[in-house]
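File shown: work00.tsv. Contents: TSV, C-alpha atoms and all ligand atoms.
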```
chain	number	residue	atom	x	y	z
A	1	MET	CA	-173.33	116.87	39.05
A	2	THR	CA	-174.67	115.93	42.42
A	3	THR	CA	-172.40	115.43	45.39
A	4	THR	CA	-172.69	112.17	47.28
A	5	THR	CA	-174.68	111.70	50.43
A	6	ALA	CA	-171.47	110.66	52.19
A	7	GLY	CA	-169.94	113.98	51.19
A	8	ASN	CA	-172.62	115.77	53.13
A	9	ALA	CA	-171.55	114.05	56.32
A	10	ALA	CA	-168.42	116.19	56.31
A	11	ARG	CA	-170.60	119.30	56.19
A	12	ASP	CA	-172.23	118.18	59.39
A	13	ASP	CA	-169.14	116.96	61.23
A	14	HIS	CA	-167.29	120.23	60.74
A	15	PRO	CA	-169.91	122.93	60.72
A	16	GLY	CA	-168.34	126.29	60.10
A	17	PRO	CA	-169.46	129.28	62.11
A	18	GLY	CA	-172.93	130.19	60.87
A	19	GLY	CA	-174.44	128.38	57.93
A	20	PRO	CA	-177.59	126.26	58.05
A	21	ALA	CA	-175.88	123.33	59.86
A	22	ASP	CA	-175.27	125.67	62.81
A	23	SER	CA	-178.72	127.28	62.69
A	24	PRO	CA	-181.04	127.22	65.73
A	25	PHE	CA	-183.30	124.76	63.86
A	26	VAL	CA	-180.58	122.18	63.11
A	27	ARG	CA	-179.03	122.67	66.57
A	28	ALA	CA	-182.41	122.02	68.26
A	29	CYS	CA	-182.86	118.87	66.15
A	30	ARG	CA	-179.43	117.77	67.41
A	31	ARG	CA	-180.35	118.61	71.04
A	32	LYS	CA	-177.65	121.29	71.21
A	33	PRO	CA	-178.04	124.64	73.01
A	34	VAL	CA	-179.90	127.28	70.98
A	35	PRO	CA	-180.07	131.09	71.12
A	36	HIS	CA	-183.87	130.81	70.88
A	37	THR	CA	-186.41	128.07	70.17
A	38	PRO	CA	-186.65	127.68	66.39
A	39	VAL	CA	-190.07	127.73	64.76
A	40	TRP	CA	-191.55	126.74	61.41
A	41	PHE	CA	-195.00	125.57	60.38
A	42	MET	CA	-196.05	122.48	58.50
A	43	ARG	CA	-197.89	123.68	55.38
A	44	GLN	CA	-196.44	127.16	55.86
A	45	ALA	CA	-196.09	127.46	52.08
A	46	GLY	CA	-199.58	127.38	50.74
A	47	ARG	CA	-203.10	128.51	50.73
A	48	SER	CA	-203.11	130.73	53.80
A	49	LEU	CA	-200.94	133.23	51.87
A	50	PRO	CA	-202.47	135.60	49.29
A	51	GLU	CA	-199.10	135.84	47.53
A	52	TYR	CA	-199.22	132.03	47.15
A	53	ARG	CA	-202.69	132.06	45.62
A	54	GLU	CA	-201.52	134.76	43.23
A	55	VAL	CA	-198.51	132.88	41.83
A	56	ARG	CA	-200.43	129.58	41.73
A	57	ALA	CA	-203.43	130.98	39.85
A	58	GLY	CA	-204.31	128.72	36.92
A	59	ILE	CA	-201.42	126.29	37.50
A	60	PRO	CA	-202.41	122.79	38.70
A	61	MET	CA	-200.73	121.62	41.93
A	62	LEU	CA	-198.56	118.84	40.44
A	63	GLU	CA	-197.49	121.08	37.58
A	64	SER	CA	-196.46	123.76	40.14
A	65	CYS	CA	-194.22	121.24	41.90
A	66	ARG	CA	-192.39	120.60	38.61
A	67	ARG	CA	-191.41	124.24	37.98
A	68	PRO	CA	-188.22	124.96	39.96
A	69	GLU	CA	-188.51	128.76	39.80
A	70	LEU	CA	-192.10	128.66	41.03
A	71	VAL	CA	-191.18	126.15	43.76
A	72	THR	CA	-188.40	128.49	44.85
A	73	GLU	CA	-190.71	131.50	45.04
A	74	ILE	CA	-193.45	129.64	46.96
A	75	THR	CA	-190.94	128.10	49.38
A	76	LEU	CA	-189.41	131.52	50.13
A	77	GLN	CA	-192.74	133.32	50.69
A	78	PRO	CA	-193.32	132.23	54.32
A	79	VAL	CA	-189.64	132.80	55.18
A	80	ARG	CA	-189.88	136.40	54.00
A	81	ARG	CA	-193.26	137.03	55.54
A	82	HIS	CA	-193.02	135.30	58.92
A	83	GLY	CA	-189.28	135.11	59.66
A	84	VAL	CA	-189.53	131.37	60.36
A	85	ASP	CA	-186.31	129.52	61.23
A	86	ALA	CA	-186.59	127.02	58.37
A	87	ALA	CA	-188.05	126.74	54.90
A	88	ILE	CA	-189.82	123.58	53.74
A	89	LEU	CA	-189.58	122.62	50.10
A	90	PHE	CA	-192.83	123.24	48.24
A	91	SER	CA	-193.82	119.86	46.82
A	92	ASP	CA	-196.21	117.07	47.78
A	93	ILE	CA	-195.90	113.56	49.14
A	94	VAL	CA	-197.32	112.08	45.92
A	95	VAL	CA	-194.76	113.77	43.62
A	96	PRO	CA	-192.31	110.80	43.66
A	97	VAL	CA	-195.17	108.32	43.21
A	98	ALA	CA	-196.33	110.20	40.12
A	99	ALA	CA	-192.69	110.14	38.92
A	100	ALA	CA	-192.79	106.34	39.37
A	101	GLY	CA	-195.56	106.11	36.78
A	102	VAL	CA	-198.68	106.02	38.97
A	103	ASP	CA	-201.56	107.85	37.28
A	104	LEU	CA	-202.76	110.33	39.91
A	105	ASP	CA	-203.86	113.91	40.38
A	106	ILE	CA	-204.16	116.32	43.30
A	107	VAL	CA	-207.76	117.48	43.29
A	108	PRO	CA	-208.35	120.90	44.94
A	109	GLY	CA	-210.29	120.52	48.18
A	110	THR	CA	-209.91	116.72	48.13
A	111	GLY	CA	-206.26	115.75	47.89
A	112	PRO	CA	-204.47	113.02	45.93
A	113	VAL	CA	-206.73	110.83	43.76
A	114	VAL	CA	-205.32	107.68	42.11
A	115	ALA	CA	-206.84	106.52	38.79
A	116	GLU	CA	-206.29	102.78	39.36
A	117	PRO	CA	-205.99	101.80	43.04
A	118	VAL	CA	-203.24	99.31	43.95
A	119	ARG	CA	-204.61	96.05	45.35
A	120	THR	CA	-202.66	93.11	43.80
A	121	LEU	CA	-199.04	92.05	43.24
A	122	ALA	CA	-199.49	92.85	39.54
A	123	ASP	CA	-200.55	96.39	40.54
A	124	VAL	CA	-197.45	96.71	42.73
A	125	ASP	CA	-195.21	95.53	39.88
A	126	ARG	CA	-196.46	98.38	37.71
A	127	ILE	CA	-194.99	100.94	40.12
A	128	ARG	CA	-191.47	101.62	38.87
A	129	ALA	CA	-188.43	102.49	40.96
A	130	ILE	CA	-187.37	106.10	40.40
A	131	ASP	CA	-183.97	107.44	39.59
A	132	PRO	CA	-182.76	111.01	40.12
A	133	SER	CA	-183.53	112.00	36.53
A	134	ASP	CA	-187.25	111.32	37.18
A	135	VAL	CA	-187.27	114.16	39.72
A	136	SER	CA	-184.56	116.43	38.32
A	137	PHE	CA	-186.91	119.39	38.90
A	138	VAL	CA	-186.58	118.75	42.67
A	139	ASP	CA	-182.78	118.70	42.47
A	140	GLU	CA	-182.89	122.00	40.58
A	141	ALA	CA	-185.36	123.64	43.00
A	142	VAL	CA	-183.34	122.63	46.07
A	143	ARG	CA	-180.13	124.03	44.55
A	144	LEU	CA	-181.82	127.33	43.69
A	145	LEU	CA	-183.26	127.51	47.20
A	146	VAL	CA	-180.05	126.69	49.05
A	147	ALA	CA	-178.35	129.51	47.13
A	148	GLU	CA	-181.14	131.96	48.05
A	149	LEU	CA	-181.60	130.93	51.67
A	150	GLY	CA	-178.08	131.55	52.98
A	151	ASP	CA	-178.02	130.59	56.68
A	152	THR	CA	-181.70	129.57	56.77
A	153	PRO	CA	-182.03	125.79	56.58
A	154	LEU	CA	-184.21	124.09	53.98
A	155	ILE	CA	-186.23	121.05	55.07
A	156	GLY	CA	-186.73	118.30	52.51
A	157	PHE	CA	-189.51	115.77	52.95
A	158	ALA	CA	-191.27	112.67	51.75
A	159	GLY	CA	-194.38	110.72	52.61
A	160	ALA	CA	-193.72	107.60	54.64
A	161	PRO	CA	-194.51	104.24	53.00
A	162	PHE	CA	-197.72	103.69	55.02
A	163	THR	CA	-199.28	107.09	54.29
A	164	LEU	CA	-198.39	106.79	50.60
A	165	ALA	CA	-199.81	103.24	50.54
A	166	SER	CA	-203.05	104.48	52.06
A	167	TYR	CA	-203.61	106.85	49.10
A	168	LEU	CA	-202.63	104.17	46.58
A	169	VAL	CA	-204.78	101.40	48.04
A	170	GLU	CA	-207.84	103.53	48.83
A	171	GLY	CA	-207.57	105.48	45.57
A	172	GLY	CA	-207.81	108.77	47.48
A	173	PRO	CA	-208.15	110.28	50.95
A	174	SER	CA	-209.82	107.98	53.46
A	175	ARG	CA	-211.34	108.33	56.90
A	176	ASN	CA	-211.20	104.71	58.06
A	177	HIS	CA	-208.45	103.23	55.84
A	178	VAL	CA	-210.64	100.15	55.40
A	179	ARG	CA	-209.15	98.80	52.17
A	180	THR	CA	-205.64	99.56	53.39
A	181	LYS	CA	-206.15	97.58	56.58
A	182	ALA	CA	-207.94	94.78	54.71
A	183	LEU	CA	-204.93	94.44	52.40
A	184	MET	CA	-202.42	94.64	55.26
A	185	HIS	CA	-204.10	91.85	57.21
A	186	GLY	CA	-205.57	89.84	54.33
A	187	ALA	CA	-202.66	89.80	51.91
A	188	PRO	CA	-199.49	90.57	53.88
A	189	ASP	CA	-197.29	89.47	50.94
A	190	VAL	CA	-198.86	92.12	48.68
A	191	TRP	CA	-198.71	94.65	51.53
A	192	HIS	CA	-195.00	94.15	52.21
A	193	ALA	CA	-194.21	94.15	48.48
A	194	LEU	CA	-196.04	97.48	48.13
A	195	LEU	CA	-194.36	99.02	51.18
A	196	GLY	CA	-190.98	97.72	49.99
A	197	ARG	CA	-191.42	99.45	46.65
A	198	LEU	CA	-192.58	102.68	48.33
A	199	THR	CA	-189.59	102.50	50.68
A	200	GLU	CA	-187.22	102.49	47.68
A	201	ILE	CA	-189.07	105.40	46.06
A	202	THR	CA	-189.14	107.44	49.27
A	203	LEU	CA	-185.45	106.85	49.88
A	204	ALA	CA	-184.51	107.79	46.32
A	205	PHE	CA	-186.60	110.97	46.59
A	206	LEU	CA	-185.01	111.98	49.92
A	207	ARG	CA	-181.50	111.25	48.63
A	208	VAL	CA	-182.02	113.60	45.70
A	209	GLN	CA	-182.98	116.34	48.16
A	210	ILE	CA	-180.05	115.61	50.51
A	211	ASP	CA	-177.55	115.51	47.65
A	212	ALA	CA	-178.87	118.84	46.42
A	213	GLY	CA	-178.28	120.40	49.86
A	214	VAL	CA	-181.30	120.27	52.20
A	215	SER	CA	-180.35	120.67	55.87
A	216	ALA	CA	-182.92	118.24	57.35
A	217	VAL	CA	-185.59	115.82	56.18
A	218	GLN	CA	-189.06	115.13	57.50
A	219	LEU	CA	-190.83	111.83	56.91
A	220	PHE	CA	-194.59	112.49	56.96
A	221	ASP	CA	-196.50	109.44	58.18
A	222	SER	CA	-199.58	111.59	58.58
A	223	TRP	CA	-202.10	108.75	58.86
A	224	ALA	CA	-200.07	106.29	60.99
A	225	GLY	CA	-202.28	107.20	63.95
A	226	ALA	CA	-205.03	105.07	62.39
A	227	LEU	CA	-203.08	101.97	63.51
A	228	SER	CA	-202.69	100.15	66.81
A	229	GLU	CA	-199.14	100.00	68.10
A	230	ALA	CA	-199.01	96.24	67.39
A	231	ASP	CA	-200.06	96.70	63.75
A	232	TYR	CA	-197.75	99.69	63.37
A	233	ARG	CA	-194.81	97.65	64.62
A	234	ARG	CA	-195.63	94.67	62.41
A	235	PHE	CA	-196.71	96.26	59.15
A	236	VAL	CA	-195.18	99.74	59.04
A	237	LEU	CA	-192.23	100.33	61.35
A	238	PRO	CA	-189.77	98.01	59.52
A	239	HIS	CA	-190.29	99.94	56.28
A	240	SER	CA	-190.04	103.41	57.83
A	241	ALA	CA	-186.98	102.18	59.76
A	242	THR	CA	-185.35	101.17	56.46
A	243	VAL	CA	-185.86	104.70	55.09
A	244	LEU	CA	-184.61	106.46	58.23
A	245	GLY	CA	-181.79	103.98	58.86
A	246	ALA	CA	-180.45	104.36	55.33
A	247	LEU	CA	-180.10	108.09	56.00
A	248	ALA	CA	-178.35	107.73	59.35
A	249	ASP	CA	-175.01	108.76	57.84
A	250	ALA	CA	-176.38	111.38	55.49
A	251	GLY	CA	-175.38	114.20	57.82
A	252	VAL	CA	-178.81	115.79	58.23
A	253	PRO	CA	-181.32	115.40	61.08
A	254	ARG	CA	-184.36	113.21	60.40
A	255	ILE	CA	-187.81	114.24	61.67
A	256	HIS	CA	-190.59	111.66	61.87
A	257	PHE	CA	-194.17	112.97	62.10
A	258	GLY	CA	-197.69	111.60	62.30
A	259	VAL	CA	-201.12	112.68	63.55
A	260	GLY	CA	-203.02	110.92	66.36
A	261	THR	CA	-199.87	109.02	67.28
A	262	ALA	CA	-199.98	109.27	71.09
A	263	GLU	CA	-199.69	105.47	71.36
A	264	LEU	CA	-196.99	105.29	68.68
A	265	LEU	CA	-194.56	107.99	69.82
A	266	GLY	CA	-192.03	105.55	71.28
A	267	ALA	CA	-192.15	103.31	68.20
A	268	MET	CA	-191.86	106.27	65.83
A	269	GLY	CA	-188.70	107.36	67.63
A	270	GLU	CA	-187.35	103.81	67.49
A	271	ALA	CA	-187.81	103.85	63.72
A	272	GLY	CA	-184.67	105.97	63.65
A	273	ALA	CA	-185.66	109.62	63.96
A	274	ASP	CA	-183.59	112.40	65.53
A	275	VAL	CA	-186.79	114.37	66.13
A	276	VAL	CA	-190.33	113.10	66.67
A	277	GLY	CA	-193.21	115.35	65.61
A	278	VAL	CA	-196.10	115.39	68.07
A	279	ASP	CA	-199.67	116.48	67.33
A	280	TRP	CA	-201.64	118.73	69.70
A	281	ARG	CA	-203.30	115.88	71.61
A	282	THR	CA	-200.26	114.87	73.67
A	283	PRO	CA	-198.55	117.49	75.87
A	284	LEU	CA	-194.84	117.68	75.03
A	285	ASP	CA	-193.76	116.75	78.57
A	286	ALA	CA	-195.78	113.51	78.37
A	287	ALA	CA	-194.56	112.94	74.80
A	288	THR	CA	-190.95	113.33	75.95
A	289	VAL	CA	-191.41	110.53	78.49
A	290	ARG	CA	-192.71	108.24	75.73
A	291	ILE	CA	-190.06	109.22	73.18
A	292	GLY	CA	-187.11	109.15	75.58
A	293	PRO	CA	-184.09	111.40	76.16
A	294	ASP	CA	-182.27	110.59	72.91
A	295	ARG	CA	-184.56	112.51	70.59
A	296	ALA	CA	-185.82	116.05	70.24
A	297	VAL	CA	-189.52	116.84	69.81
A	298	GLN	CA	-191.35	119.05	67.33
A	299	GLY	CA	-194.75	120.65	67.85
A	300	ASN	CA	-197.42	121.10	68.97
A	301	LEU	CA	-199.83	124.05	68.97
A	302	ASP	CA	-203.32	123.07	67.83
A	303	PRO	CA	-203.72	124.70	64.38
A	304	ALA	CA	-207.35	125.52	65.23
A	305	VAL	CA	-206.24	127.63	68.22
A	306	LEU	CA	-204.90	130.20	65.72
A	307	PHE	CA	-208.55	131.18	65.11
A	308	ALA	CA	-209.10	132.18	68.78
A	309	PRO	CA	-208.44	135.70	70.17
A	310	TRP	CA	-204.72	136.59	70.43
A	311	GLU	CA	-204.71	136.32	74.25
A	312	VAL	CA	-205.69	132.66	73.88
A	313	VAL	CA	-203.08	132.02	71.19
A	314	GLU	CA	-200.41	133.63	73.36
A	315	ALA	CA	-201.35	131.57	76.41
A	316	GLU	CA	-201.34	128.37	74.36
A	317	VAL	CA	-197.93	129.17	72.81
A	318	ARG	CA	-196.53	129.77	76.30
A	319	ARG	CA	-198.07	126.52	77.54
A	320	VAL	CA	-196.43	124.57	74.69
A	321	LEU	CA	-193.07	126.23	75.41
A	322	GLY	CA	-193.42	125.44	79.12
A	323	GLU	CA	-194.20	121.77	78.47
A	324	ALA	CA	-191.32	121.58	75.98
A	325	ALA	CA	-188.85	122.56	78.70
A	326	ALA	CA	-188.83	118.85	79.65
A	327	ALA	CA	-187.59	117.84	76.18
A	328	PRO	CA	-183.88	117.51	75.29
A	329	GLY	CA	-184.52	119.64	72.18
A	330	HIS	CA	-187.57	121.47	70.86
A	331	VAL	CA	-188.59	122.76	67.44
A	332	PHE	CA	-191.77	124.80	67.77
A	333	ASN	CA	-194.45	123.94	65.19
A	334	LEU	CA	-198.15	123.30	64.96
A	335	GLY	CA	-199.51	119.86	65.77
A	336	HIS	CA	-200.48	119.50	62.08
A	337	GLY	CA	-200.49	121.73	59.01
A	338	VAL	CA	-201.61	125.36	58.76
A	339	LEU	CA	-205.33	125.40	57.90
A	340	PRO	CA	-206.09	127.29	54.66
A	341	GLU	CA	-208.32	129.91	56.36
A	342	THR	CA	-205.65	130.89	58.92
A	343	ASP	CA	-204.86	134.62	59.19
A	344	PRO	CA	-201.19	134.82	58.15
A	345	GLU	CA	-200.63	137.74	60.53
A	346	VAL	CA	-201.30	135.46	63.48
A	347	LEU	CA	-198.55	133.13	62.24
A	348	THR	CA	-196.12	136.05	62.06
A	349	ARG	CA	-197.01	137.03	65.64
A	350	VAL	CA	-196.51	133.45	66.84
A	351	VAL	CA	-192.99	133.39	65.36
A	352	ALA	CA	-192.12	136.66	67.10
A	353	LEU	CA	-193.60	135.45	70.39
A	354	VAL	CA	-191.68	132.14	70.36
A	355	HIS	CA	-188.44	133.99	69.64
A	356	GLU	CA	-189.01	136.65	72.28
A	357	ALA	CA	-190.19	134.23	74.95
A	358	THR	CA	-187.18	131.92	74.53
A	359	THR	CA	-184.32	134.38	73.99
A	360	SER	CA	-182.26	134.41	77.14
A	401	LIG	O1	-195.53	122.25	54.28
A	401	LIG	C1	-195.38	122.96	53.27
A	401	LIG	O2	-195.64	124.17	53.26
A	401	LIG	C2	-194.76	122.34	52.03
A	401	LIG	C3	-195.64	121.81	51.08
A	401	LIG	C4	-196.46	120.54	51.31
A	401	LIG	C5	-197.63	120.30	50.57
A	401	LIG	N1	-198.06	119.04	50.85
A	401	LIG	C6	-198.24	121.25	49.63
A	401	LIG	C7	-199.65	121.09	49.25
A	401	LIG	C8	-196.22	119.42	52.10
A	401	LIG	C9	-195.12	119.18	53.11
A	401	LIG	C10	-197.24	118.48	51.79
A	401	LIG	C11	-197.30	117.13	52.37
A	401	LIG	C12	-198.54	116.36	52.26
A	401	LIG	N2	-199.37	116.20	51.18
A	401	LIG	C13	-199.02	115.52	53.28
A	401	LIG	C14	-198.35	115.34	54.62
A	401	LIG	C15	-198.62	116.49	55.50
A	401	LIG	C16	-199.96	116.47	56.16
A	401	LIG	O3	-200.71	117.42	55.96
A	401	LIG	O4	-200.21	115.50	56.88
A	401	LIG	C17	-200.18	114.90	52.83
A	401	LIG	C18	-201.06	113.93	53.60
A	401	LIG	C19	-200.39	115.32	51.49
A	401	LIG	C20	-201.48	114.93	50.56
A	401	LIG	C21	-202.24	116.13	50.17
A	401	LIG	N3	-201.86	116.99	49.17
A	401	LIG	C22	-203.42	116.67	50.77
A	401	LIG	C23	-204.19	116.02	51.91
A	401	LIG	C24	-203.72	117.87	50.12
A	401	LIG	C25	-204.80	118.89	50.42
A	401	LIG	C26	-205.97	118.77	49.52
A	401	LIG	C27	-206.83	120.02	49.60
A	401	LIG	O5	-206.85	120.76	48.63
A	401	LIG	O6	-207.48	120.20	50.66
A	401	LIG	C28	-202.73	118.05	49.12
A	401	LIG	C29	-202.60	119.19	48.19
A	401	LIG	C30	-201.59	120.20	48.60
A	401	LIG	N4	-200.31	119.92	48.98
A	401	LIG	C31	-201.78	121.61	48.63
A	401	LIG	C32	-200.55	122.17	49.02
A	401	LIG	C33	-200.21	123.62	49.16
A	401	LIG	C34	-203.04	122.33	48.25
A	401	LIG	C35	-203.06	122.47	46.75
A	401	LIG	C36	-203.52	123.79	46.31
A	401	LIG	O7	-203.11	124.84	46.84
A	401	LIG	O8	-204.23	123.77	45.29
```
Serialized structure, structure tokens:
Amino acid sequence: MTTTTAGNAARDDHPGPGGPADSPFVRACRRKPVPHTPVWFMRQAGRSLPEYREVRAGIPMLESCRRPELVTEITLQPVRRHGVDAAILFSDIVVPVAAAGVDLDIVPGTGPVVAEPVRTLADVDRIRAIDPSDVSFVDEAVRLLVAELGDTPLIGFAGAPFTLASYLVEGGPSRNHVRTKALMHGAPDVWHALLGRLTEITLAFLRVQIDAGVSAVQLFDSWAGALSEADYRRFVLPHSATVLGALADAGVPRIHFGVGTAELLGAMGEAGADVVGVDWRTPLDAATVRIGPDRAVQGNLDPAVLFAPWEVVEAEVRRVLGEAAAAPGHVFNLGHGVLPETDPEVLTRVVALVHEATTS
């Protein structure tokens, strides 16, 4: 049986010596002193690794997410290879939406594609709530992983209501989010009903992961940067704040991330995060001023810089670390996910460099 979320609070209030709750990653999220700056990479488990392509061969993406042993193997691959300070569960933001009965697929090279886009209240009503049994494969994978990982923390995650809504309303990936914004402004009742339903699904999905033992959660609002701050505050923030607020006592740090969010960094922190993820466009010292002293930052090496000569990569890593010195806590990461063509050996060198450069 699962333990309760409240039970996990005890784990955090009385961390024993060692263990994931006392790891450099969780300590940095909590703005506590660290032996070195922790580092992990968004999309570290995935197509940049040959061993990933090998185990995934012939298995569709969504199907892979539903096989706990395969999820465990893929999640562990970058930990073994790079020595990162945290693992991130191999899954996808649309997994809970599929579990809620939405007919969708993840198309290679494209991303999530939804058979019948959601545009009316009747469409919203067809999206079910989920209960833990709908995603029991996630519970099982997290338990297997926590047993394997020992002191290395596992990060759980979910898509934020806005980014999920964008896929559902557009029917797939979108550059301008035109239909999403048209719905938001033109039919706010439908919009808030949809985001309310996605909030419940996201929360249920994160609670399963927390109850199964993840050490932190990240809410991916990848496309929030498409919005003005005023629209973000009106149409999105209340829903993301419900998700993050409901997890305030869950005993694990909450990371809130989006791309192109320079204007939204303060608001994204206000939504209730312990850590705000910053893309590569905003230097971390400037981001820290916007986010304030009560939250740590995560980021923010440009993933494209990993394709430059090593001297450039090294200088950029050192620049990010220098700018992060202004932050009350720093988790080193890229400003967005690892690009599929990235040389994995460069990632390994970045991990070693961050550790060496920050060990006192
Ligand atoms: O970070 C990790 O290593 C954990 C795994 C992870 C995946 N997706 C695996 C995946 C995570 C955290 C995600 C989150 C996700 N999925 C986001 C938020 C993060 C971000 O990048 O902003 C978004 C927007 C999605 C939606 C999605 N799923 C996209 C845009 C794609 C890429 C489509 C493509 O093929 O170019 C996917 C598919 C996906 N999710 C893959 C992986 C490894 C590729 C599938 C494959 O290998 O066949």
Find the residues near ligand LIG 401 (chain A). Use a cut-off of 8 Å, count all atoms listed in the file, and write them as a tab-separated table (two decimals) with C-alpha atoms, in the frame of the given file.
```tsv
chain	number	residue	atom	x	y	z
A	41	PHE	CA	-195.00	125.57	60.38
A	42	MET	CA	-196.05	122.48	58.50
A	43	ARG	CA	-197.89	123.68	55.38
A	44	GLN	CA	-196.44	127.16	55.86
A	45	ALA	CA	-196.09	127.46	52.08
A	46	GLY	CA	-199.58	127.38	50.74
A	47	ARG	CA	-203.10	128.51	50.73
A	53	ARG	CA	-202.69	132.06	45.62
A	56	ARG	CA	-200.43	129.58	41.73
A	60	PRO	CA	-202.41	122.79	38.70
A	61	MET	CA	-200.73	121.62	41.93
A	75	THR	CA	-190.94	128.10	49.38
A	88	ILE	CA	-189.82	123.58	53.74
A	89	LEU	CA	-189.58	122.62	50.10
A	90	PHE	CA	-192.83	123.24	48.24
A	91	SER	CA	-193.82	119.86	46.82
A	92	ASP	CA	-196.21	117.07	47.78
A	93	ILE	CA	-195.90	113.56	49.14
A	94	VAL	CA	-197.32	112.08	45.92
A	106	ILE	CA	-204.16	116.32	43.30
A	107	VAL	CA	-207.76	117.48	43.29
A	108	PRO	CA	-208.35	120.90	44.94
A	109	GLY	CA	-210.29	120.52	48.18
A	110	THR	CA	-209.91	116.72	48.13
A	111	GLY	CA	-206.26	115.75	47.89
A	112	PRO	CA	-204.47	113.02	45.93
A	157	PHE	CA	-189.51	115.77	52.95
A	158	ALA	CA	-191.27	112.67	51.75
A	159	GLY	CA	-194.38	110.72	52.61
A	163	THR	CA	-199.28	107.09	54.29
A	173	PRO	CA	-208.15	110.28	50.95
A	220	PHE	CA	-194.59	112.49	56.96
A	221	ASP	CA	-196.50	109.44	58.18
A	222	SER	CA	-199.58	111.59	58.58
A	223	TRP	CA	-202.10	108.75	58.86
A	258	GLY	CA	-197.69	111.60	62.30
A	259	VAL	CA	-201.12	112.68	63.55
A	336	HIS	CA	-200.48	119.50	62.08
A	337	GLY	CA	-200.49	121.73	59.01
```
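Nearest residue to Arg80 (chain A), choosing from A:Gly245, A:Gly213, A:Thr348, A:Gly277 and counting only C-alpha atoms: A:Thr348.
CA of Phe205 (chain A) is found 21.8 Å from CA of Phe235 (chain A).
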Problem set entry | Residues within 7 Å of region 116-132 of chain A, only C-alpha atoms, excluding chain neighbours under 4 positions, as a ChimeraX atom specification | /A:99-102,136,168-171,190,194,200-201,204,208
For this session: Name the closest residue to Asp151 (chain A) among the candidates A:Ser215, A:Ser166, A:Ser360, A:Gln298; distances are taken between atoms, counting only C-alpha atoms.
Result: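 Of all the options, A:Ser215 lies closest to Asp151 (chain A).
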Need the shell around region 350-357 of chain A: protein/DNA/RNA residues with any atom at most 12 Å away, counting all atoms listed in the file. Skip same-chain ones fewer than 5 positions apart. Format as an mmCIF file with C-alpha atoms, keeping the file's coordinate frame?
```
data_model
loop_
_atom_site.group_PDB
_atom_site.id
_atom_site.type_symbol
_atom_site.label_atom_id
_atom_site.label_comp_id
_atom_site.auth_asym_id
_atom_site.auth_seq_id
_atom_site.Cartn_x
_atom_site.Cartn_y
_atom_site.Cartn_z
ATOM 1 C CA PRO A 24 -181.040 127.220 65.730
ATOM 2 C CA VAL A 34 -179.900 127.280 70.980
ATOM 3 C CA PRO A 35 -180.070 131.090 71.120
ATOM 4 C CA HIS A 36 -183.870 130.810 70.880
ATOM 5 C CA THR A 37 -186.410 128.070 70.170
ATOM 6 C CA PRO A 38 -186.650 127.680 66.390
ATOM 7 C CA VAL A 39 -190.070 127.730 64.760
ATOM 8 C CA TRP A 40 -191.550 126.740 61.410
ATOM 9 C CA PHE A 41 -195.000 125.570 60.380
ATOM 10 C CA GLN A 44 -196.440 127.160 55.860
ATOM 11 C CA PRO A 78 -193.320 132.230 54.320
ATOM 12 C CA VAL A 79 -189.640 132.800 55.180
ATOM 13 C CA ARG A 81 -193.260 137.030 55.540
ATOM 14 C CA HIS A 82 -193.020 135.300 58.920
ATOM 15 C CA GLY A 83 -189.280 135.110 59.660
ATOM 16 C CA VAL A 84 -189.530 131.370 60.360
ATOM 17 C CA ASP A 85 -186.310 129.520 61.230
ATOM 18 C CA ALA A 86 -186.590 127.020 58.370
ATOM 19 C CA LEU A 301 -199.830 124.050 68.970
ATOM 20 C CA PRO A 303 -203.720 124.700 64.380
ATOM 21 C CA VAL A 305 -206.240 127.630 68.220
ATOM 22 C CA LEU A 306 -204.900 130.200 65.720
ATOM 23 C CA TRP A 310 -204.720 136.590 70.430
ATOM 24 C CA GLU A 311 -204.710 136.320 74.250
ATOM 25 C CA VAL A 312 -205.690 132.660 73.880
ATOM 26 C CA VAL A 313 -203.080 132.020 71.190
ATOM 27 C CA GLU A 314 -200.410 133.630 73.360
ATOM 28 C CA ALA A 315 -201.350 131.570 76.410
ATOM 29 C CA GLU A 316 -201.340 128.370 74.360
ATOM 30 C CA VAL A 317 -197.930 129.170 72.810
ATOM 31 C CA ARG A 318 -196.530 129.770 76.300
ATOM 32 C CA ARG A 319 -198.070 126.520 77.540
ATOM 33 C CA VAL A 320 -196.430 124.570 74.690
ATOM 34 C CA LEU A 321 -193.070 126.230 75.410
ATOM 35 C CA GLY A 322 -193.420 125.440 79.120
ATOM 36 C CA ALA A 324 -191.320 121.580 75.980
ATOM 37 C CA HIS A 330 -187.570 121.470 70.860
ATOM 38 C CA VAL A 331 -188.590 122.760 67.440
ATOM 39 C CA PHE A 332 -191.770 124.800 67.770
ATOM 40 C CA ASN A 333 -194.450 123.940 65.190
ATOM 41 C CA LEU A 334 -198.150 123.300 64.960
ATOM 42 C CA ASP A 343 -204.860 134.620 59.190
ATOM 43 C CA PRO A 344 -201.190 134.820 58.150
ATOM 44 C CA GLU A 345 -200.630 137.740 60.530
#
```
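Ranking A:Ala250, A:Met268, A:Ala325, A:Ala165 by their shortest atom-to-atom distance to Glu229 (chain A), with all atoms listed in the file included, puts A:Met268 first.
Going from CA of Leu284 (chain A) to CA of Cys29 (chain A) covers 15.0 Å.
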For this session: Give me the residues within 9 Å of Leu265 (chain A) as a list in words, counting all atoms listed in the file and dropping any in the same chain fewer than 3 places off.
Result: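 So the residues in contact are Gly258, Thr261, Ala262, Met268, Gly269, Glu270, Val276, Gly277, Val278, Ala287, Thr288, Arg290 and Ile291 of chain A.
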